[in-house]
Each structure stands twice: as structure tokens, then as C-alpha cells.
2 protein chains.
Amino acid sequence: MKPLLHDLPTPALLVDLDRLERNVAAMAERADRLGVALRPHVKTHKCVEIGRMQVAAGATGITVSTLYEAEVFATAGFDDITWAFPVIPSRVAQARRLAERIRLGLVVDSPEAVASLAAERFPFEVWIKVDCGYHRCGVDPTTDAAGDLARRIEAAGMRFAGLLSHSGNAYDHDTDQERAAIAEEERARITSVADGLRAESIETRGVSVGSTPAMTAARDLAGVTEARPGNYAYFDLTQESLGACSLDDIALSVLTTVVSSSTEHAVVDAGALAMSKDGGPSAGRAMGRLIEIAGAPVGSAAPELVGLSQEHGKLDRSLAVGTLVRVLPNHSCLTAACFDHCYAVRGDRVEGRWRVWNGR
Amino acid sequence: MKPLLHDLPTPALLVDLDRLERNVAAMAERADRLGVALRPHVKTHKCVEIGRMQVAAGATGITVSTLYEAEVFATAGFDDITWAFPVIPSRVAQARRLAERIRLGLVVDSPEAVASLAAERFPFEVWIKVDCGYHRCGVDPTTDAAGDLARRIEAAGMRFAGLLSHSGNAYDHDTDQERAAIAEEERARITSVADGLRAESIETRGVSVGSTPAMTAARDLAGVTEARPGNYAYFDLTQESLGACSLDDIALSVLTTVVSSSTEHAVVDAGALAMSKDGGPSAGRAMGRLIEIAGAPVGSAAPELVGLSQEHGKLDRSLAVGTLVRVLPNHSCLTAACFDHCYAVRGDRVEGRWRVWNGR
């Protein structure tokens, strides 16, 4: 007899299996329809079990944000991993040990990073990050910086894997049309750089784009070879505010107990170390939204978490001490990373307990 | 030969031993001078080694925020622990197992919480939380709620340990005088409730107050038996903005590498999962402040972390790729909880690697 989620000690991280399976299948179909391979970013869930579901649905490999994630997933049998973060010089030796075991893609956007890899004298597979409008990392696509780096990579005996971008700027737009325009801008810029390299006879195999809000709106990805969305496995209130999903798609929630209550508010056992302090779509006014109180769904005027200290979460209204509530997170990637385990639930049955591989 | 901190893989959590030792000694002296026992809150560091330093400096016991912390510290030999969080009904059986091994103080502020403990039929030691102005948890000190709970505790065969409060409202005041006034308000309210209970012949042994900003300003704690500050071990930019410490007292920092740079900004490998997204004193505009670049201290116009995504931190200016920088956190408790280990450093020597006991 499987346990019921209402028997779990709180706070507990819950993954709704029906929603997760639907999200995983929908993005796999979407990538297929757009003619690109899917390389999901597992930083969102850090769960080997979910990575396996994504591969079973057709993912050709995975994306990670840290070498620790790469090592954990490699040990679990994943053998084609891109570490989509600019190479950290003090971790190149660690990266090499992993690259000797599996296919590991690394990312650079500077001559210094190429030099730090070259010093290891190992045929690393190296992607060049291109800034397609987000302005966080990446080479300027209007210059020859990508060509310069590609030549340096090859001159050092390494393998130039292709171009990679992340359309994080899609998070600034909350209509399908605007997000589709960001996806098209990203596509146009990165394929134009790829065409430029090919014109210089630099073989450019991979053209990889990212972000859940762009991928849920993109209409055409001609010239792109793969996409790396991550958040879509869970979605969250931020994605819902952008129109990238509906509330009913959000697969991650935190089960928490009312532990104190006054006439004006209540306190639950989900604080900053259960939700994260991501301010989400309301710029920090609400830190999470209740979807269920004592097993009953909440309507449209849902109570909100309005304050978080380390272990305390403050609700905007009174509820009886002992009441169990479920809260949707602003940012599922950061909320999931607050926990060492999540509970996979179907309805109110707990089907599994999965390790969330936090660490460095 | 001890390693140098500049040889550590980044991101890395650093604890400056000179500052830590100074902070630990100063608060122990302060409690002594104010005539109260010190029961430091270890949620700030979650390090057994630092807890031992605090006990060696005179702490009579420790305070924790989760049962997991309590279990870890009990296993390490700490035998007098207060779990300063309102009892979570689904964790009462777990609390009992620990209370059979060590002296464990529990906290309630509602009849429901007392009933959940009473159902276990175990002589728990129970504190009553009093709201002395912070308005997060605690009974109203102007009513007989504390007396009612104390009678319920004793009627259930449990031991009433005393009254406990947390002056989190001291964080809203940035002069010594104002924070001293908050400390006095807390003292006056909680001792008045204690006097009321004693007038009803309810033995009230402990009178426990909290918070680093109040403890660094309090002038008189007559009637109080113990204090539970936590943050003071490390301090942070929030405490500095309140005047509770100076920049030179902050013992916690994150060592991080510039991994990408444009003409306008740089990106380091310390993102939301290294710093936390605590907005700190500037309400989210700056997520951390650089104190050292490539080993050299930075002056007053220090660069700032102005944006955080999961693993990326964005600096407000350009720095060469590969440069090592150290960043002070807005909120050291949440930053420390991002890491599984910290490095204890003295000058640029790494003296130890300590486990940070995150978990639930």
C-alpha cells in the first residue's frame, strides 16, 4: 500500500507525475515538430529519474549547469552531456577526468577560456557561446569573435562542436507573439554566425538554442540543430505569468504545514530554504501561491506566501494550526534545489522518493 | 604545507577564521556582561566545528531551526538543544526519538501544537513563544494565552521550560539607539509575561530572547535568562547596513571566478545557488559586494553583483576572464546554506574544510 502525500513529514517537495509526464511529452513533440534535437537542461530537477524520462521521450543527451551534475548523471549512465556554463579555469582538470569517460561538451566565449582548456592538452569538445540578445554571456555576433575562437580551438587540437546561445531575454516578454519574436531573433542571429563560419570553411555542426519561454513559442527553427529548455519539466509561476504554461501545468509544489496563526496571518514551515527567495513575476511581493488547503483545491483568490525568513513562510491570511497546504513556487529550479529529495506523487499517492542531486 | 585559497576550485565558501573567532568571543563577552546565558543559533553556519567554538567560548547550549540540524549536532555530542521553530505536528514522533537521547527544547504558540505534543505521551520540555513586536509567531503578551498554554503543557505531564521570543523587528532599524529600543521593548514585554505567570504560581524558569541586531545593541537584559543570536558568527551586508557590525567583521565570503566578460559587465560562477537571492539591505538591487580582486582588497567603490541566475552572477563592471574575486553576501545564513562545505581560511591559507549540514 503506497503512502498518502498527507502522511509525509513537512516541508516536502512534491512532483506531480501526471503533469511531469505531460510536460516531458509535450516538449519532446514540440522539438520533433520544429525539427530539432532536444537536450533538456537537468539543472531544473537534478533528478536522474526525470532525466531518464526525458531520454525515453527522445532527448538525445542532456544539459547541466555544474560539473557536479555532470558527474552524477554520468555515473547514472548518461553519456552525452553539455556543461552549458562558461568554462571555469580551476575546474578544467576535473572536466578532463569526466571527458575521458563520456562525451562532454564545454562552453567558451573568450580566448582566456580556450587557453585554459588548451593547457590541458586534451581533445575537448568545445562550443562557442553567442550573445543573441540576452547580454549575459557570449561573443558579439556582429564581430568575428566566434571565428577567432573556433580557429583557436582547432589550433589547440580540440574539437569545435558548434554555436550555443540562451534566450534568457524571453523572460522579459509575456505574450506568445513577443516570445516567438525573441526565439526568431535568436535563431536569425545564431544561424547567421554559423553561416559566416561556414563561409570561412569552419565546419559548424551544432547550432544549439535554449530557454523554455522561447521554446514554447518558437514557430520555426530552420538552421538550428538542438534546443536546451529545462524549466518546462516543472514550469512555475514565472512561466505561467509569461504565458508559457497554465497553472495546471505546474508539476512542482511544496507541501507545508501551518505551524502558527494569528487573526491576520499564518506561518508555514516553508521558508527561504524551502521556496528560495526568488521574487518571481510579482517582483518579490509574493513568494509562492497556495493551490490546495487540506486536500481541497483553492479557487482564483488563492492565498499567497508574502514573506520568507529562513524556515518560516508568512501567509497573507489566517489558517488553523496543523492545516496542510500546497504551494506553487515562483521559480521551480531554485525551489527544487532547496531539497535533497522529492516525492513523486500521482493524485494523493506517493509513488517514489527521488534524490535531488545538489552539490558542487 | 597548507593549500592557498587561490588554489581552490570555485565557487567556494570561505570562512575567515580570525574574524569568526573575534565575533564568537565578542558575543560571548557581551552576553556575559549582560548577565545572560548564550545559546547561539547554529542555523547560520550549520557547522559542528563552529558550534564547538561557541561552546568553548561559554555557550550553555545551542539553538537550531530544523530537527535535521538538531539530529546532526546531537550525534556530534551537543546535548542541550532548543529547536526554535513552532512544533510541526508531522515531526513530533521524530522529535521524541531525539528527546530520548538529549535535552531538547520545543516551541509552541497554540493549543493545537500542545495537543500534538501531548498525544505522544512523553515529558517534552516545552517553551512558549511570545510575540514581542515582530508579529511573525508567538502568543499575544497582552492576553492570558501564555498562561493557558503553560497550564495545558503541565496538565499533559510535560515540562514548561519558559518563555521565548525573537526580535526580528530589530532588522527594521539601523541605528544602535533604535535597535537598543527594540531590545528593551522585547525585554519589557517578555519579562512582564513571565511576572504574570509567576503571579499565577506558574514556575517560569527560562526567559529567552533572540536576534543579532538586538543583542549587539541591548543595554540591559534584567529578567532575561538567555539570548539566542545566530548571525553574529559570520555577520553580513544586512547587519553592516543596520550598524550591527562593520565590513571588517564579516567572516563569510564566496570565492568566485570571472568566467565571461564584455565591455560593460562581467559574469562570475557565483549565482543564485551560491549567494541565495536574498535582496539584502538594498532591496534586491545588489546581491553581494566584492571585497577582493585577485588577492587585492577593493576600496570603497566596490564592484557589486547586480544580477543572479541559477549559476551565473552578473557584476556591474568588466573584469578579465579568469580573475578570482571574493564577494560578501547580503545574508550569510542563506549563502552558507548554498554549500555542502566551507573552507576555513586564515589570511590566504586554507586551514580546514568543514561540512555544512544542509538537509531536512
# chains A, B, ... in the order shown; residues from 1 in each chain; ligands from 1
$ interface_residues --of "chain B" --to "chain A" --cutoff "8 Å" --atoms "only C-alpha atoms" --output "ChimeraX atom specification"
/B:7-10,65-66,86-91,109-110,112-113,136-138,257,259-262,267,269,272-273,276-278,310-311,314,321-322,333-334,337,339-340,359-360
$ residues_around --residues "Thr142 (chain B)" --least-positions-apart "4" --cutoff "10 Å" --atoms "only C-alpha atoms" --output "PDB file with C-alpha atoms, in the first residue's frame"
ATOM      1  CA  ASP B 131       5.219  37.910  20.184  1.00  0.00           C
ATOM      2  CA  CYS B 132       7.213  40.876  21.482  1.00  0.00           C
ATOM      3  CA  ALA B 146       0.757  32.109  27.690  1.00  0.00           C
ATOM      4  CA  ARG B 189       7.219  42.523  27.199  1.00  0.00           C
ATOM      5  CA  SER B 192       6.091  41.184  32.068  1.00  0.00           C
ATOM      6  CA  VAL B 193       4.509  37.958  30.784  1.00  0.00           C
TER       7      VAL B 193
END
$ select_by_dssp --residues "region 48-294 of chain B" --states "alpha helix (DSSP H)" --output "JSON, numbers by chain"
{"B": [48, 49, 50, 51, 52, 53, 54, 55, 56, 67, 68, 69, 70, 71, 72, 73, 74, 75, 92, 93, 94, 95, 96, 97, 98, 99, 111, 112, 113, 114, 115, 116, 117, 118, 145, 146, 147, 148, 149, 150, 151, 152, 153, 154, 155, 176, 177, 178, 179, 180, 181, 182, 183, 184, 185, 186, 187, 188, 189, 190, 191, 192, 193, 194, 195, 196, 197, 198, 199, 212, 213, 214, 215, 237, 238, 239, 240, 241, 242, 272, 273, 274, 275]}
$ residues_around --residues "Gly105 (chain B)" --least-positions-apart "6" --cutoff "7 Å" --atoms "only C-alpha atoms" --output "VMD selection string"
chain B and resid 81 to 83 125 to 127
$ residues_around --residues "region 171-179 of chain A" --least-positions-apart "6" --cutoff "7 Å" --atoms "only C-alpha atoms" --output "list in words"
Pro213, Ala214, Ala217, Ser241, Leu242 and Gly243 of chain A
$ write_last_selection --atoms "all heavy atoms" --output "PDB file, in the first residue's frame"
ATOM      1  N   PRO A 213      10.776  29.671 -22.179  1.00  0.00           N
ATOM      2  CA  PRO A 213       9.778  30.598 -22.732  1.00  0.00           C
ATOM      3  C   PRO A 213       9.907  30.790 -24.242  1.00  0.00           C
ATOM      4  O   PRO A 213       8.896  31.005 -24.921  1.00  0.00           O
ATOM      5  CB  PRO A 213      10.025  31.913 -21.976  1.00  0.00           C
ATOM      6  CG  PRO A 213      11.280  31.738 -21.211  1.00  0.00           C
ATOM      7  CD  PRO A 213      11.564  30.287 -21.093  1.00  0.00           C
ATOM      8  N   ALA A 214      11.129  30.709 -24.780  1.00  0.00           N
ATOM      9  CA  ALA A 214      11.274  30.820 -26.237  1.00  0.00           C
ATOM     10  C   ALA A 214      10.802  29.538 -26.919  1.00  0.00           C
ATOM     11  O   ALA A 214      10.099  29.574 -27.935  1.00  0.00           O
ATOM     12  CB  ALA A 214      12.727  31.130 -26.603  1.00  0.00           C
ATOM     13  N   ALA A 217       7.178  29.025 -27.619  1.00  0.00           N
ATOM     14  CA  ALA A 217       6.544  29.963 -28.547  1.00  0.00           C
ATOM     15  C   ALA A 217       7.141  29.903 -29.954  1.00  0.00           C
ATOM     16  O   ALA A 217       6.512  30.374 -30.903  1.00  0.00           O
ATOM     17  CB  ALA A 217       6.676  31.388 -28.008  1.00  0.00           C
ATOM     18  N   SER A 241       3.179  33.330 -15.673  1.00  0.00           N
ATOM     19  CA  SER A 241       2.970  34.767 -15.883  1.00  0.00           C
ATOM     20  C   SER A 241       3.381  35.191 -17.292  1.00  0.00           C
ATOM     21  O   SER A 241       2.900  36.193 -17.811  1.00  0.00           O
ATOM     22  CB  SER A 241       3.743  35.577 -14.842  1.00  0.00           C
ATOM     23  OG  SER A 241       5.117  35.615 -15.174  1.00  0.00           O
ATOM     24  N   LEU A 242       4.289  34.430 -17.898  1.00  0.00           N
ATOM     25  CA  LEU A 242       4.737  34.733 -19.270  1.00  0.00           C
ATOM     26  C   LEU A 242       3.806  34.124 -20.309  1.00  0.00           C
ATOM     27  O   LEU A 242       3.972  34.370 -21.509  1.00  0.00           O
ATOM     28  CB  LEU A 242       6.148  34.166 -19.508  1.00  0.00           C
ATOM     29  CG  LEU A 242       7.258  34.621 -18.569  1.00  0.00           C
ATOM     30  CD1 LEU A 242       8.554  33.890 -18.909  1.00  0.00           C
ATOM     31  CD2 LEU A 242       7.459  36.129 -18.683  1.00  0.00           C
ATOM     32  N   GLY A 243       2.889  33.285 -19.863  1.00  0.00           N
ATOM     33  CA  GLY A 243       2.032  32.579 -20.810  1.00  0.00           C
ATOM     34  C   GLY A 243       2.681  31.335 -21.385  1.00  0.00           C
ATOM     35  O   GLY A 243       2.178  30.744 -22.336  1.00  0.00           O
TER      36      GLY A 243
END
$ residues_around --residues "Pro3 (chain A)" --least-positions-apart "2" --cutoff "12 Å" --atoms "only C-alpha atoms" --output "ChimeraX atom specification"
/A:1,5-9,343-353
$ write_last_selection --atoms "N, CA, C and O atoms" --output "tab-separated table (two decimals), in the first residue's frame"
chain	number	residue	atom	x	y	z
A	1	MET	N	0.87	-1.20	0.00
A	1	MET	CA	0.00	0.00	0.00
A	1	MET	C	0.90	1.24	0.00
A	1	MET	O	1.74	1.42	0.88
A	5	LEU	N	0.23	11.37	0.34
A	5	LEU	CA	1.10	12.54	0.49
A	5	LEU	C	0.80	13.29	1.79
A	5	LEU	O	1.68	13.93	2.36
A	6	HIS	N	-0.42	13.17	2.29
A	6	HIS	CA	-0.75	13.89	3.54
A	6	HIS	C	-0.12	13.24	4.76
A	6	HIS	O	-0.19	13.78	5.85
A	7	ASP	N	0.53	12.09	4.58
A	7	ASP	CA	1.26	11.46	5.68
A	7	ASP	C	2.73	11.85	5.71
A	7	ASP	O	3.47	11.44	6.61
A	8	LEU	N	3.18	12.62	4.72
A	8	LEU	CA	4.61	12.98	4.66
A	8	LEU	C	4.96	14.01	5.74
A	8	LEU	O	4.17	14.91	6.01
A	9	PRO	N	6.16	13.89	6.33
A	9	PRO	CA	6.62	14.98	7.19
A	9	PRO	C	6.87	16.22	6.32
A	9	PRO	O	7.31	16.10	5.17
A	343	TYR	N	9.27	13.93	-3.62
A	343	TYR	CA	8.32	12.82	-3.64
A	343	TYR	C	7.54	12.88	-4.93
A	343	TYR	O	6.95	13.92	-5.27
A	344	ALA	N	7.56	11.79	-5.69
A	344	ALA	CA	6.80	11.69	-6.93
A	344	ALA	C	5.39	11.23	-6.57
A	344	ALA	O	5.22	10.15	-6.00
A	345	VAL	N	4.40	12.09	-6.85
A	345	VAL	CA	3.03	11.77	-6.44
A	345	VAL	C	2.10	11.69	-7.66
A	345	VAL	O	2.31	12.36	-8.66
A	346	ARG	N	1.12	10.81	-7.53
A	346	ARG	CA	0.07	10.73	-8.55
A	346	ARG	C	-1.23	10.84	-7.77
A	346	ARG	O	-1.53	9.99	-6.95
A	347	GLY	N	-1.96	11.94	-8.01
A	347	GLY	CA	-3.11	12.23	-7.14
A	347	GLY	C	-2.57	12.41	-5.74
A	347	GLY	O	-1.62	13.16	-5.53
A	348	ASP	N	-3.12	11.67	-4.77
A	348	ASP	CA	-2.60	11.81	-3.41
A	348	ASP	C	-1.76	10.62	-2.98
A	348	ASP	O	-1.47	10.44	-1.81
A	349	ARG	N	-1.33	9.81	-3.96
A	349	ARG	CA	-0.47	8.65	-3.66
A	349	ARG	C	1.00	9.00	-3.91
A	349	ARG	O	1.33	9.60	-4.94
A	350	VAL	N	1.86	8.59	-3.00
A	350	VAL	CA	3.30	8.80	-3.19
A	350	VAL	C	3.87	7.58	-3.91
A	350	VAL	O	3.85	6.47	-3.38
A	351	GLU	N	4.34	7.80	-5.14
A	351	GLU	CA	4.82	6.67	-5.96
A	351	GLU	C	6.33	6.47	-5.82
A	351	GLU	O	6.85	5.41	-6.18
A	352	GLY	N	7.04	7.48	-5.37
A	352	GLY	CA	8.50	7.32	-5.27
A	352	GLY	C	9.14	8.46	-4.51
A	352	GLY	O	8.51	9.51	-4.29
A	353	ARG	N	10.37	8.25	-4.09
A	353	ARG	CA	11.16	9.28	-3.42
A	353	ARG	C	12.47	9.36	-4.18
A	353	ARG	O	13.22	8.39	-4.24
$ residues_around --residues "Ala218 (chain A)" --least-positions-apart "2" --cutoff "8 Å" --atoms "only C-alpha atoms" --output "MDAnalysis selection string"
chainID A and resid 179:181 183:184 214:216 220:221
$ closest_residue --among "A:Met287, A:Ser208, A:Leu164, A:Val107" --to "Ala37 (chain A)" --atoms "only C-alpha atoms"
A:Ser208
$ residues_around --residues "Asp316 (chain A)" --least-positions-apart "6" --cutoff "7 Å" --atoms "only C-alpha atoms" --output "number ranges by chain"
A: 265, 303-306
$ write_last_selection --atoms "all heavy atoms" --output "compact mmCIF listing (two decimals), in the first residue's frame"
# COMPACT_ATOMS: atom_id res chain seq x y z
N HIS A 265 -2.65 36.58 9.93
CA HIS A 265 -1.83 35.80 9.02
C HIS A 265 -1.54 34.43 9.64
O HIS A 265 -1.88 34.18 10.80
CB HIS A 265 -0.51 36.53 8.72
CG HIS A 265 0.42 36.58 9.88
ND1 HIS A 265 0.42 37.59 10.81
CD2 HIS A 265 1.39 35.71 10.30
CE1 HIS A 265 1.33 37.36 11.72
NE2 HIS A 265 1.94 36.22 11.46
N PRO A 303 -4.65 32.17 -1.49
CA PRO A 303 -3.72 32.78 -0.52
C PRO A 303 -2.30 32.77 -1.08
O PRO A 303 -1.95 31.94 -1.92
CB PRO A 303 -3.83 31.85 0.69
CG PRO A 303 -5.10 31.10 0.54
CD PRO A 303 -5.32 30.99 -0.94
N GLU A 304 -1.51 33.72 -0.59
CA GLU A 304 -0.13 33.83 -1.07
C GLU A 304 0.85 33.82 0.09
O GLU A 304 0.52 34.25 1.20
CB GLU A 304 0.06 35.13 -1.87
CG GLU A 304 -0.65 35.09 -3.20
CD GLU A 304 -0.37 36.33 -4.05
OE1 GLU A 304 0.13 37.33 -3.51
OE2 GLU A 304 -0.66 36.26 -5.26
N LEU A 305 2.06 33.34 -0.21
CA LEU A 305 3.17 33.49 0.72
C LEU A 305 3.70 34.90 0.53
O LEU A 305 4.16 35.25 -0.56
CB LEU A 305 4.28 32.51 0.36
CG LEU A 305 4.31 31.14 1.03
CD1 LEU A 305 5.49 30.35 0.48
CD2 LEU A 305 4.41 31.27 2.53
N VAL A 306 3.66 35.72 1.56
CA VAL A 306 4.05 37.12 1.39
C VAL A 306 5.37 37.47 2.08
O VAL A 306 5.85 38.59 1.96
CB VAL A 306 2.95 38.08 1.88
CG1 VAL A 306 1.75 38.01 0.94
CG2 VAL A 306 2.52 37.72 3.31
$ select_by_dssp --residues "region 235-291 of chain B" --states "strand (DSSP E or B)" --output "list in words"
Leu252, Ser253, Val254, Leu255, Thr256, Thr257, Val258, Val259, Ser260, Ser261, Ala266, Val267, Val268, Gly288, Arg289, Leu290 and Ile291 of chain B
$ closest_residue --among "A:Leu319, A:Val130, A:Leu20, A:Leu14" --to "Thr263 (chain A)" --atoms "only C-alpha atoms"
A:Leu319
$ decode --residues "region 193-224 of chain B" --atoms "N, CA and C atoms" --output "PDB file, in the first residue's frame"
ATOM      1  N   VAL B 193       5.281  39.209  30.876  1.00  0.00           N
ATOM      2  CA  VAL B 193       4.509  37.958  30.784  1.00  0.00           C
ATOM      3  C   VAL B 193       5.022  36.964  31.826  1.00  0.00           C
ATOM      4  N   ALA B 194       6.331  36.880  31.980  1.00  0.00           N
ATOM      5  CA  ALA B 194       6.911  35.950  32.966  1.00  0.00           C
ATOM      6  C   ALA B 194       6.431  36.308  34.377  1.00  0.00           C
ATOM      7  N   ASP B 195       6.427  37.604  34.680  1.00  0.00           N
ATOM      8  CA  ASP B 195       5.957  38.034  36.007  1.00  0.00           C
ATOM      9  C   ASP B 195       4.492  37.645  36.208  1.00  0.00           C
ATOM     10  N   GLY B 196       3.702  37.813  35.152  1.00  0.00           N
ATOM     11  CA  GLY B 196       2.284  37.456  35.239  1.00  0.00           C
ATOM     12  C   GLY B 196       2.102  35.969  35.525  1.00  0.00           C
ATOM     13  N   LEU B 197       2.896  35.127  34.852  1.00  0.00           N
ATOM     14  CA  LEU B 197       2.790  33.679  35.077  1.00  0.00           C
ATOM     15  C   LEU B 197       3.180  33.344  36.516  1.00  0.00           C
ATOM     16  N   ARG B 198       4.259  33.978  36.977  1.00  0.00           N
ATOM     17  CA  ARG B 198       4.723  33.683  38.343  1.00  0.00           C
ATOM     18  C   ARG B 198       3.662  34.106  39.364  1.00  0.00           C
ATOM     19  N   ALA B 199       2.971  35.218  39.067  1.00  0.00           N
ATOM     20  CA  ALA B 199       1.902  35.674  39.968  1.00  0.00           C
ATOM     21  C   ALA B 199       0.774  34.649  40.022  1.00  0.00           C
ATOM     22  N   GLU B 200       0.665  33.838  38.952  1.00  0.00           N
ATOM     23  CA  GLU B 200      -0.331  32.756  38.934  1.00  0.00           C
ATOM     24  C   GLU B 200       0.277  31.452  39.448  1.00  0.00           C
ATOM     25  N   SER B 201       1.466  31.551  40.072  1.00  0.00           N
ATOM     26  CA  SER B 201       2.171  30.370  40.599  1.00  0.00           C
ATOM     27  C   SER B 201       2.567  29.369  39.519  1.00  0.00           C
ATOM     28  N   ILE B 202       2.803  29.874  38.303  1.00  0.00           N
ATOM     29  CA  ILE B 202       3.346  29.004  37.252  1.00  0.00           C
ATOM     30  C   ILE B 202       4.859  29.238  37.215  1.00  0.00           C
ATOM     31  N   GLU B 203       5.610  28.203  37.554  1.00  0.00           N
ATOM     32  CA  GLU B 203       7.058  28.353  37.603  1.00  0.00           C
ATOM     33  C   GLU B 203       7.577  28.648  36.188  1.00  0.00           C
ATOM     34  N   THR B 204       8.305  29.746  36.039  1.00  0.00           N
ATOM     35  CA  THR B 204       8.777  30.189  34.725  1.00  0.00           C
ATOM     36  C   THR B 204      10.286  30.349  34.803  1.00  0.00           C
ATOM     37  N   ARG B 205      10.989  29.273  34.493  1.00  0.00           N
ATOM     38  CA  ARG B 205      12.444  29.266  34.649  1.00  0.00           C
ATOM     39  C   ARG B 205      13.142  30.089  33.572  1.00  0.00           C
ATOM     40  N   GLY B 206      12.894  29.736  32.319  1.00  0.00           N
ATOM     41  CA  GLY B 206      13.651  30.358  31.238  1.00  0.00           C
ATOM     42  C   GLY B 206      12.956  31.573  30.651  1.00  0.00           C
ATOM     43  N   VAL B 207      13.718  32.598  30.344  1.00  0.00           N
ATOM     44  CA  VAL B 207      13.210  33.764  29.614  1.00  0.00           C
ATOM     45  C   VAL B 207      14.263  34.049  28.540  1.00  0.00           C
ATOM     46  N   SER B 208      13.946  33.664  27.307  1.00  0.00           N
ATOM     47  CA  SER B 208      14.943  33.594  26.236  1.00  0.00           C
ATOM     48  C   SER B 208      14.608  34.572  25.124  1.00  0.00           C
ATOM     49  N   VAL B 209      15.575  35.407  24.747  1.00  0.00           N
ATOM     50  CA  VAL B 209      15.341  36.382  23.670  1.00  0.00           C
ATOM     51  C   VAL B 209      16.301  36.107  22.503  1.00  0.00           C
ATOM     52  N   GLY B 210      16.008  36.730  21.361  1.00  0.00           N
ATOM     53  CA  GLY B 210      16.838  36.394  20.198  1.00  0.00           C
ATOM     54  C   GLY B 210      17.286  37.569  19.383  1.00  0.00           C
ATOM     55  N   SER B 211      17.914  37.304  18.255  1.00  0.00           N
ATOM     56  CA  SER B 211      18.314  38.233  17.194  1.00  0.00           C
ATOM     57  C   SER B 211      19.658  38.939  17.412  1.00  0.00           C
ATOM     58  N   THR B 212      20.470  38.876  16.391  1.00  0.00           N
ATOM     59  CA  THR B 212      21.785  39.534  16.412  1.00  0.00           C
ATOM     60  C   THR B 212      21.678  41.059  16.470  1.00  0.00           C
ATOM     61  N   PRO B 213      20.801  41.698  15.657  1.00  0.00           N
ATOM     62  CA  PRO B 213      20.784  43.168  15.712  1.00  0.00           C
ATOM     63  C   PRO B 213      20.352  43.709  17.075  1.00  0.00           C
ATOM     64  N   ALA B 214      19.466  42.990  17.777  1.00  0.00           N
ATOM     65  CA  ALA B 214      19.080  43.454  19.123  1.00  0.00           C
ATOM     66  C   ALA B 214      20.205  43.188  20.120  1.00  0.00           C
ATOM     67  N   MET B 215      20.828  42.002  20.026  1.00  0.00           N
ATOM     68  CA  MET B 215      21.864  41.650  21.013  1.00  0.00           C
ATOM     69  C   MET B 215      23.100  42.527  20.903  1.00  0.00           C
ATOM     70  N   THR B 216      23.384  43.036  19.703  1.00  0.00           N
ATOM     71  CA  THR B 216      24.564  43.888  19.560  1.00  0.00           C
ATOM     72  C   THR B 216      24.294  45.297  20.086  1.00  0.00           C
ATOM     73  N   ALA B 217      23.024  45.603  20.410  1.00  0.00           N
ATOM     74  CA  ALA B 217      22.677  46.951  20.882  1.00  0.00           C
ATOM     75  C   ALA B 217      22.102  46.967  22.291  1.00  0.00           C
ATOM     76  N   ALA B 218      21.639  45.817  22.786  1.00  0.00           N
ATOM     77  CA  ALA B 218      20.946  45.779  24.085  1.00  0.00           C
ATOM     78  C   ALA B 218      21.809  46.373  25.190  1.00  0.00           C
ATOM     79  N   ARG B 219      21.172  47.125  26.086  1.00  0.00           N
ATOM     80  CA  ARG B 219      21.920  47.757  27.175  1.00  0.00           C
ATOM     81  C   ARG B 219      21.660  47.096  28.521  1.00  0.00           C
ATOM     82  N   ASP B 220      20.515  46.455  28.639  1.00  0.00           N
ATOM     83  CA  ASP B 220      20.135  45.862  29.924  1.00  0.00           C
ATOM     84  C   ASP B 220      19.196  44.694  29.625  1.00  0.00           C
ATOM     85  N   LEU B 221      19.466  43.541  30.214  1.00  0.00           N
ATOM     86  CA  LEU B 221      18.586  42.396  29.986  1.00  0.00           C
ATOM     87  C   LEU B 221      18.080  41.824  31.310  1.00  0.00           C
ATOM     88  N   ALA B 222      17.792  42.702  32.242  1.00  0.00           N
ATOM     89  CA  ALA B 222      17.297  42.262  33.557  1.00  0.00           C
ATOM     90  C   ALA B 222      16.040  41.418  33.388  1.00  0.00           C
ATOM     91  N   GLY B 223      16.028  40.270  34.033  1.00  0.00           N
ATOM     92  CA  GLY B 223      14.867  39.381  33.951  1.00  0.00           C
ATOM     93  C   GLY B 223      14.960  38.358  32.836  1.00  0.00           C
ATOM     94  N   VAL B 224      15.913  38.548  31.926  1.00  0.00           N
ATOM     95  CA  VAL B 224      16.132  37.593  30.826  1.00  0.00           C
ATOM     96  C   VAL B 224      17.179  36.580  31.287  1.00  0.00           C
TER      97      VAL B 224
END
